[in-house]
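Contents: one structure, followed by commentary.
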Amino acid sequence: MLGRGLKRKLSDYEENMAGLSSAFDSSRNLPYPLKRQLVLNMCLTKLQTYKMLVEPNLHRSVLIANTVRQIQEEMRQESNQQPINVCPGITPSTHSYTGVESSGISLQLPSGISQQESNCCDLRSVEDPIENSLLIVSDDDMSSAISSILKDLDFVEDISPPTCLVPTGDDQPKFPESPGLKLEDDRQDLKGAECVFGSFEISNSTSYLKDLAIDDIFEDIDTSMYDSDFSCPPLMPPRPPSLATEEPLKTFQSCNSSSSGNIQICRTDLSELDHIMEILVGS
Amino acid sequence: FLGAGGGNDIQWCFSQVKGAVDDDVAEADIISTVEFNHSGELLATGDKGGRVVIFQQEQENKIQSHSRGEYNVYSTFQSHEPEFDYLKSLEIEEKINKIRWLPQKNAAQFLLSTNDKTIKLWKISERDKRPEGYNLKEEDGRYRDPTTVTTLRVPVFRPMDLMVEASPRRIFANAHTYHINSISINSDYETYLSADDLRINLWHLEITDRSFNIVDIKPANMEELTEVITAAEFHPNSCNTFVYSSSKGTIRLCDMRASALCDRHSKLFEEPEDPSNRSFFSEIISSISDVKFSHSGRYMMTRDYLSVKIWDLNMENRPVETYQVHEYLRSKLCSLYENDCIFDKFECCWNGSDRQVQLCSGIVMTGSYNNFFRMFDRNTKRDITLEASRENNKPRTVLKPRKVCASGKRKKDEISVDSLDFNKKILHTAWHPKENIIAVATTNNLYIFQDKMN
């Protein structure tokens, strides 16, 4: 993030946002790019907050992600139209921006162009309070934010494929292609086993992983299986769409109700861990 | 305003209020759904704590005909419990998202209730007699020594205090990966649909171990996801037809005869965007929170954040009517986005017996903020804003219409937009199927209003 200005505590930030959003609503003089930036920041903050939840609200996440994309697209189109200026202080007349706002915009351009812009002029007036409090975010950050949110949402992975009555092309349960997705899946399943990889860093770790207490009971698990090199079975066998309530719960209830149960999970899924290892190591 | 003059306008009066009086709302008591049964005799509510409370209307007192029967508690039961999904390490909320009644076929009543993941069919039955006079058992149930039996008698049923029992008859589970937002019983009364964010499943009421997936909008790559399903309903007369609404403000009508997987809609209802109203929040406020067919099945109503729209099923390119619920909020969208109110899902409902009026019929009702709710009369084109509040509500006194002052000088008795309480939202309302009785749910209270009988 191309941050600038003062670092603020979260509570200050939130208060500021509330003030800013009512400024957005009440003021007609707030320049459009600033309004847009404000909305964008709010969106990204929300997405960031959702990312920390174990189960973010899919509906809201999609709506917010769409808003971000829409703003992103708008800014991209503007940057395509705007000729590359030596100094953004002298803005083309097509855009009725003041000097301050144009400098704000220049930072939002794709990083290649923004480098040029930021190098050549003294950009912002530090005294502008609204400008100061906004976090300027680059294009790439936005895209990656959206992607990672939606990827995380996919951890809620279906196990049940469509029924045999549905002759779609895609009959198989959706085995995630990318290791990133697969990681998310397995991470959910292997909460207990995760502890074995205490030092094994998975990027994009969400808060529920950080909260995991590393139980002593896992320390003496036999890890010799990880050293062997055997092919792994498919992720999950396809299950019939709707089982009776008790059945799957029974299976997993026993797994979690006692520590020995946790070890059960570890053992049965070690082959999948092995597979992850292979992918991550790049073999 | 409705009720301001004579004629056929309904004059709404406070009748009853149910629920805790104090302002401190217990989370579990938050009402999450309200539904009358087909006769209107029973009124069910579901709450965030997973409980269902059913109220029953008293039989009309023929002598005192100044009011219709009151609703009193008939049955209370715990429909759903909080669950833990061990596979995904997720808590499943016990909050009841929807209740739908089955039409009554015998002495017992049946309803479907659902939380985010599991639908249950509940049987509510009365017991007001019990058998007495067994030969081999004592009254307390202990078995008698057979050698002491010297005569035989026939057990008889004797009256007992009424007991209302609720028992789960079917549990429809494990068919939804995402959160269930709707259930709808088919007009064949044998099947029903359940919809989550990305899929719709068709069930048979007798069969719990399988369901058929009839709509699936999940993209192969979740990063491409831009639209979710927000509500779904079966057509009231055509058992092969249903609609589902989306977060982009579209409604798709599907015919199950066309193919097993209804990925292609038969009709797509979408109103082109008004460019003068375009804002950053346009898409968010266009997300449809509820869809309801009219009783005739010729029209359907949708609710988005700021308006209620009536659609003619024969016209896809725009609604036939649009009613602004709280247009004064359009200039506050950023603040409402910031505090998440913009995501509130308001429901809407038709008046009960619109089959009496043949032509363009009906009154529609929906909720708003500050415990206000709104009604729009499609015939007279008049609308009214009323408030559900314990203050100033005396039985058989006509409710005073409320007005929000959008801008400028506030008149007496008007409320300015800035003093609206956005924590007091009316999301769920229901209209008695046959009479002018409405149930309006505030956060944790249920209000019942009826029209003034002369």
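Within each chain, counting starts at residue 1; across the structure tokens, chains are named A, B, ... in the order shown, with ligands numbered 1 upward in that order.
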
- Using only C-alpha atoms, determine which residues of chain B fall within 7 Å of chain A; present them as a ChimeraX atom specification. /B:86-89,173-175,177,209-213,222-223,226-228,260-261,280,284,331-332,334-335,338

Serialized selection, N, CA and C atoms, as a tab-separated table (two decimals), in the first residue's frame:
chain	number	residue	atom	x	y	z
B	86	TYR	N	-17.99	-29.99	12.20
B	86	TYR	CA	-16.62	-30.40	12.52
B	86	TYR	C	-15.74	-30.43	11.29
B	87	LEU	N	-16.35	-30.66	10.16
B	87	LEU	CA	-15.55	-30.75	8.94
B	87	LEU	C	-14.94	-29.40	8.60
B	88	LYS	N	-15.72	-28.34	8.78
B	88	LYS	CA	-15.22	-27.04	8.38
B	88	LYS	C	-14.89	-26.14	9.56
B	89	SER	N	-15.01	-26.69	10.77
B	89	SER	CA	-14.75	-25.89	11.97
B	89	SER	C	-15.58	-24.62	11.98
B	173	ALA	N	-31.36	-32.45	5.78
B	173	ALA	CA	-30.06	-31.89	6.13
B	173	ALA	C	-29.02	-32.17	5.06
B	174	ASN	N	-27.91	-31.50	5.19
B	174	ASN	CA	-26.71	-31.77	4.40
B	174	ASN	C	-26.87	-31.55	2.91
B	175	ALA	N	-27.76	-30.66	2.55
B	175	ALA	CA	-27.89	-30.41	1.12
B	175	ALA	C	-27.43	-29.02	0.73
B	177	THR	N	-24.43	-26.12	1.07
B	177	THR	CA	-23.12	-25.67	1.47
B	177	THR	C	-23.17	-24.23	1.96
B	209	ASP	N	-33.44	-38.13	2.51
B	209	ASP	CA	-32.04	-38.44	2.25
B	209	ASP	C	-31.57	-38.03	0.87
B	210	ARG	N	-32.42	-37.39	0.12
B	210	ARG	CA	-31.91	-36.82	-1.12
B	210	ARG	C	-32.76	-35.66	-1.58
B	211	SER	N	-32.11	-34.77	-2.31
B	211	SER	CA	-32.82	-33.65	-2.92
B	211	SER	C	-32.23	-33.45	-4.31
B	212	PHE	N	-32.96	-32.77	-5.15
B	212	PHE	CA	-32.50	-32.52	-6.50
B	212	PHE	C	-32.05	-31.08	-6.63
B	213	ASN	N	-30.89	-30.90	-7.18
B	213	ASN	CA	-30.40	-29.56	-7.40
B	213	ASN	C	-31.02	-29.02	-8.68
B	222	MET	N	-14.33	-19.44	-8.02
B	222	MET	CA	-15.06	-18.53	-7.13
B	222	MET	C	-14.66	-17.07	-7.31
B	223	GLU	N	-13.49	-16.86	-7.84
B	223	GLU	CA	-13.08	-15.47	-8.05
B	223	GLU	C	-13.94	-14.78	-9.08
B	226	THR	N	-19.99	-13.03	-9.06
B	226	THR	CA	-20.43	-11.64	-8.97
B	226	THR	C	-21.88	-11.52	-8.54
B	227	GLU	N	-22.56	-12.63	-8.42
B	227	GLU	CA	-24.00	-12.57	-8.17
B	227	GLU	C	-24.41	-13.74	-7.28
B	228	VAL	N	-25.30	-13.49	-6.31
B	228	VAL	CA	-25.80	-14.58	-5.48
B	228	VAL	C	-27.32	-14.58	-5.51
B	260	ALA	N	-33.62	-30.67	-16.29
B	260	ALA	CA	-33.42	-31.07	-14.89
B	260	ALA	C	-32.72	-29.97	-14.11
B	261	LEU	N	-31.73	-29.36	-14.72
B	261	LEU	CA	-31.04	-28.26	-14.07
B	261	LEU	C	-31.51	-26.96	-14.73
B	280	PHE	N	-22.23	5.05	-6.31
B	280	PHE	CA	-21.35	3.92	-6.01
B	280	PHE	C	-22.13	2.76	-5.42
B	284	ILE	N	-25.55	-2.21	-4.79
B	284	ILE	CA	-25.90	-2.74	-3.48
B	284	ILE	C	-27.37	-2.51	-3.17
B	331	SER	N	-29.98	9.94	-0.02
B	331	SER	CA	-28.87	10.86	0.19
B	331	SER	C	-28.04	10.48	1.40
B	332	LYS	N	-28.35	9.37	2.03
B	332	LYS	CA	-27.60	8.95	3.21
B	332	LYS	C	-26.89	7.63	2.98
B	334	CYS	N	-24.07	6.61	1.94
B	334	CYS	CA	-22.70	6.34	2.39
B	334	CYS	C	-22.67	6.02	3.88
B	335	SER	N	-23.42	6.79	4.66
B	335	SER	CA	-23.47	6.49	6.10
B	335	SER	C	-24.11	5.14	6.35
B	338	GLU	N	-21.63	2.56	5.65
B	338	GLU	CA	-20.60	2.52	6.68
B	338	GLU	C	-21.07	1.72	7.90

- Query: Where in segment 302-366 of chain B does DSSP assign strand (DSSP E or B), given as an MDAnalysis selection string?
  - Reply: chainID B and resid 302:303 307:312 321:324 348:350 363:366

Please save N, CA and C atoms of the selected residues as an mmCIF file, in the first residue's frame.
data_model
loop_
_atom_site.group_PDB
_atom_site.id
_atom_site.type_symbol
_atom_site.label_atom_id
_atom_site.label_comp_id
_atom_site.auth_asym_id
_atom_site.auth_seq_id
_atom_site.Cartn_x
_atom_site.Cartn_y
_atom_site.Cartn_z
ATOM 1 N N THR B 302 -41.234 -7.441 -5.556
ATOM 2 C CA THR B 302 -39.860 -7.554 -5.073
ATOM 3 C C THR B 302 -39.558 -6.363 -4.173
ATOM 4 N N ARG B 303 -38.659 -6.589 -3.242
ATOM 5 C CA ARG B 303 -38.230 -5.524 -2.327
ATOM 6 C C ARG B 303 -36.735 -5.352 -2.485
ATOM 7 N N SER B 307 -37.059 0.453 -2.374
ATOM 8 C CA SER B 307 -38.384 0.448 -3.008
ATOM 9 C C SER B 307 -39.018 -0.940 -3.045
ATOM 10 N N VAL B 308 -40.305 -0.930 -3.362
ATOM 11 C CA VAL B 308 -41.070 -2.149 -3.627
ATOM 12 C C VAL B 308 -41.507 -2.070 -5.084
ATOM 13 N N LYS B 309 -41.323 -3.145 -5.818
ATOM 14 C CA LYS B 309 -41.712 -3.139 -7.231
ATOM 15 C C LYS B 309 -42.705 -4.253 -7.491
ATOM 16 N N ILE B 310 -43.696 -3.932 -8.296
ATOM 17 C CA ILE B 310 -44.680 -4.931 -8.714
ATOM 18 C C ILE B 310 -44.393 -5.268 -10.167
ATOM 19 N N TRP B 311 -44.264 -6.539 -10.435
ATOM 20 C CA TRP B 311 -43.973 -6.999 -11.790
ATOM 21 C C TRP B 311 -45.163 -7.787 -12.325
ATOM 22 N N ASP B 312 -45.447 -7.570 -13.591
ATOM 23 C CA ASP B 312 -46.414 -8.414 -14.294
ATOM 24 C C ASP B 312 -45.600 -9.534 -14.935
ATOM 25 N N GLU B 321 -45.291 -1.278 -11.459
ATOM 26 C CA GLU B 321 -45.405 -0.223 -10.446
ATOM 27 C C GLU B 321 -44.167 -0.234 -9.567
ATOM 28 N N THR B 322 -43.791 0.949 -9.118
ATOM 29 C CA THR B 322 -42.685 1.072 -8.169
ATOM 30 C C THR B 322 -43.131 1.987 -7.043
ATOM 31 N N TYR B 323 -42.915 1.546 -5.816
ATOM 32 C CA TYR B 323 -43.282 2.356 -4.655
ATOM 33 C C TYR B 323 -42.032 2.645 -3.844
ATOM 34 N N GLN B 324 -41.835 3.915 -3.543
ATOM 35 C CA GLN B 324 -40.653 4.298 -2.766
ATOM 36 C C GLN B 324 -40.960 4.122 -1.284
ATOM 37 N N CYS B 348 -41.440 -8.193 2.348
ATOM 38 C CA CYS B 348 -42.658 -7.500 1.920
ATOM 39 C C CYS B 348 -43.780 -8.528 1.871
ATOM 40 N N CYS B 349 -45.016 -8.040 1.916
ATOM 41 C CA CYS B 349 -46.115 -8.998 1.799
ATOM 42 C C CYS B 349 -47.330 -8.352 1.164
ATOM 43 N N TRP B 350 -48.163 -9.212 0.584
ATOM 44 C CA TRP B 350 -49.425 -8.771 -0.010
ATOM 45 C C TRP B 350 -50.505 -8.800 1.059
ATOM 46 N N ILE B 363 -53.086 -4.498 -1.558
ATOM 47 C CA ILE B 363 -52.287 -3.564 -0.775
ATOM 48 C C ILE B 363 -51.008 -4.313 -0.440
ATOM 49 N N VAL B 364 -49.903 -3.632 -0.504
ATOM 50 C CA VAL B 364 -48.644 -4.268 -0.146
ATOM 51 C C VAL B 364 -48.066 -3.572 1.071
ATOM 52 N N MET B 365 -47.348 -4.354 1.853
ATOM 53 C CA MET B 365 -46.808 -3.817 3.109
ATOM 54 C C MET B 365 -45.343 -4.198 3.222
ATOM 55 N N THR B 366 -44.569 -3.288 3.804
ATOM 56 C CA THR B 366 -43.164 -3.570 4.038
ATOM 57 C C THR B 366 -42.671 -2.720 5.190
#

- Query: Which value, in Å to one decimal, gives the distance between atom CA of Pro82 of chain B and atom CA of Asn115 of chain B?
  - Reply: 9.6 Å

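Separating atom CA of Ile30 of chain B from atom CA of Thr443 of chain B is a distance of 5.4 Å.
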
- Task: With a distance cut-off of 9 Å and only C-alpha atoms, select the neighbouring residues of segment 130-137 of chain B, excluding the residue or stretch itself and same-chain residues fewer than 2 positions from it, and output the selection as a PyMOL selection string.
- Result: chain B and resi 127-128+139-146+149+151-160

- Item | For atom CA of Ala108 of chain B and atom CA of Gly19 of chain B, the interatomic separation in Å (one decimal) |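 For atom CA of Ala108 of chain B relative to atom CA of Gly19 of chain B, the distance reads 26.3 Å.
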
- Which of B:Val34, B:Asp22, B:Ile171, B:Arg410 sits closest to Ser79 of chain B [using only C-alpha atoms]: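 Nearest to Ser79 of chain B: B:Ile171.
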
- Excluding Glu190 of chain B and any residue of its chain fewer than 3 positions from it, enumerate the residues within 9 Å of it, using only C-alpha atoms, and give them as JSON, numbers by chain. {"B": [185, 186, 187, 203, 204, 205, 206]}

- Task: Within 8 Å of Ala406 of chain B, counting only C-alpha atoms, which residues show up once you throw out same-chain ones fewer than 2 positions away? Write them as a VMD selection string, please.
- Result: chain B and resid 328 404 408 416 to 417
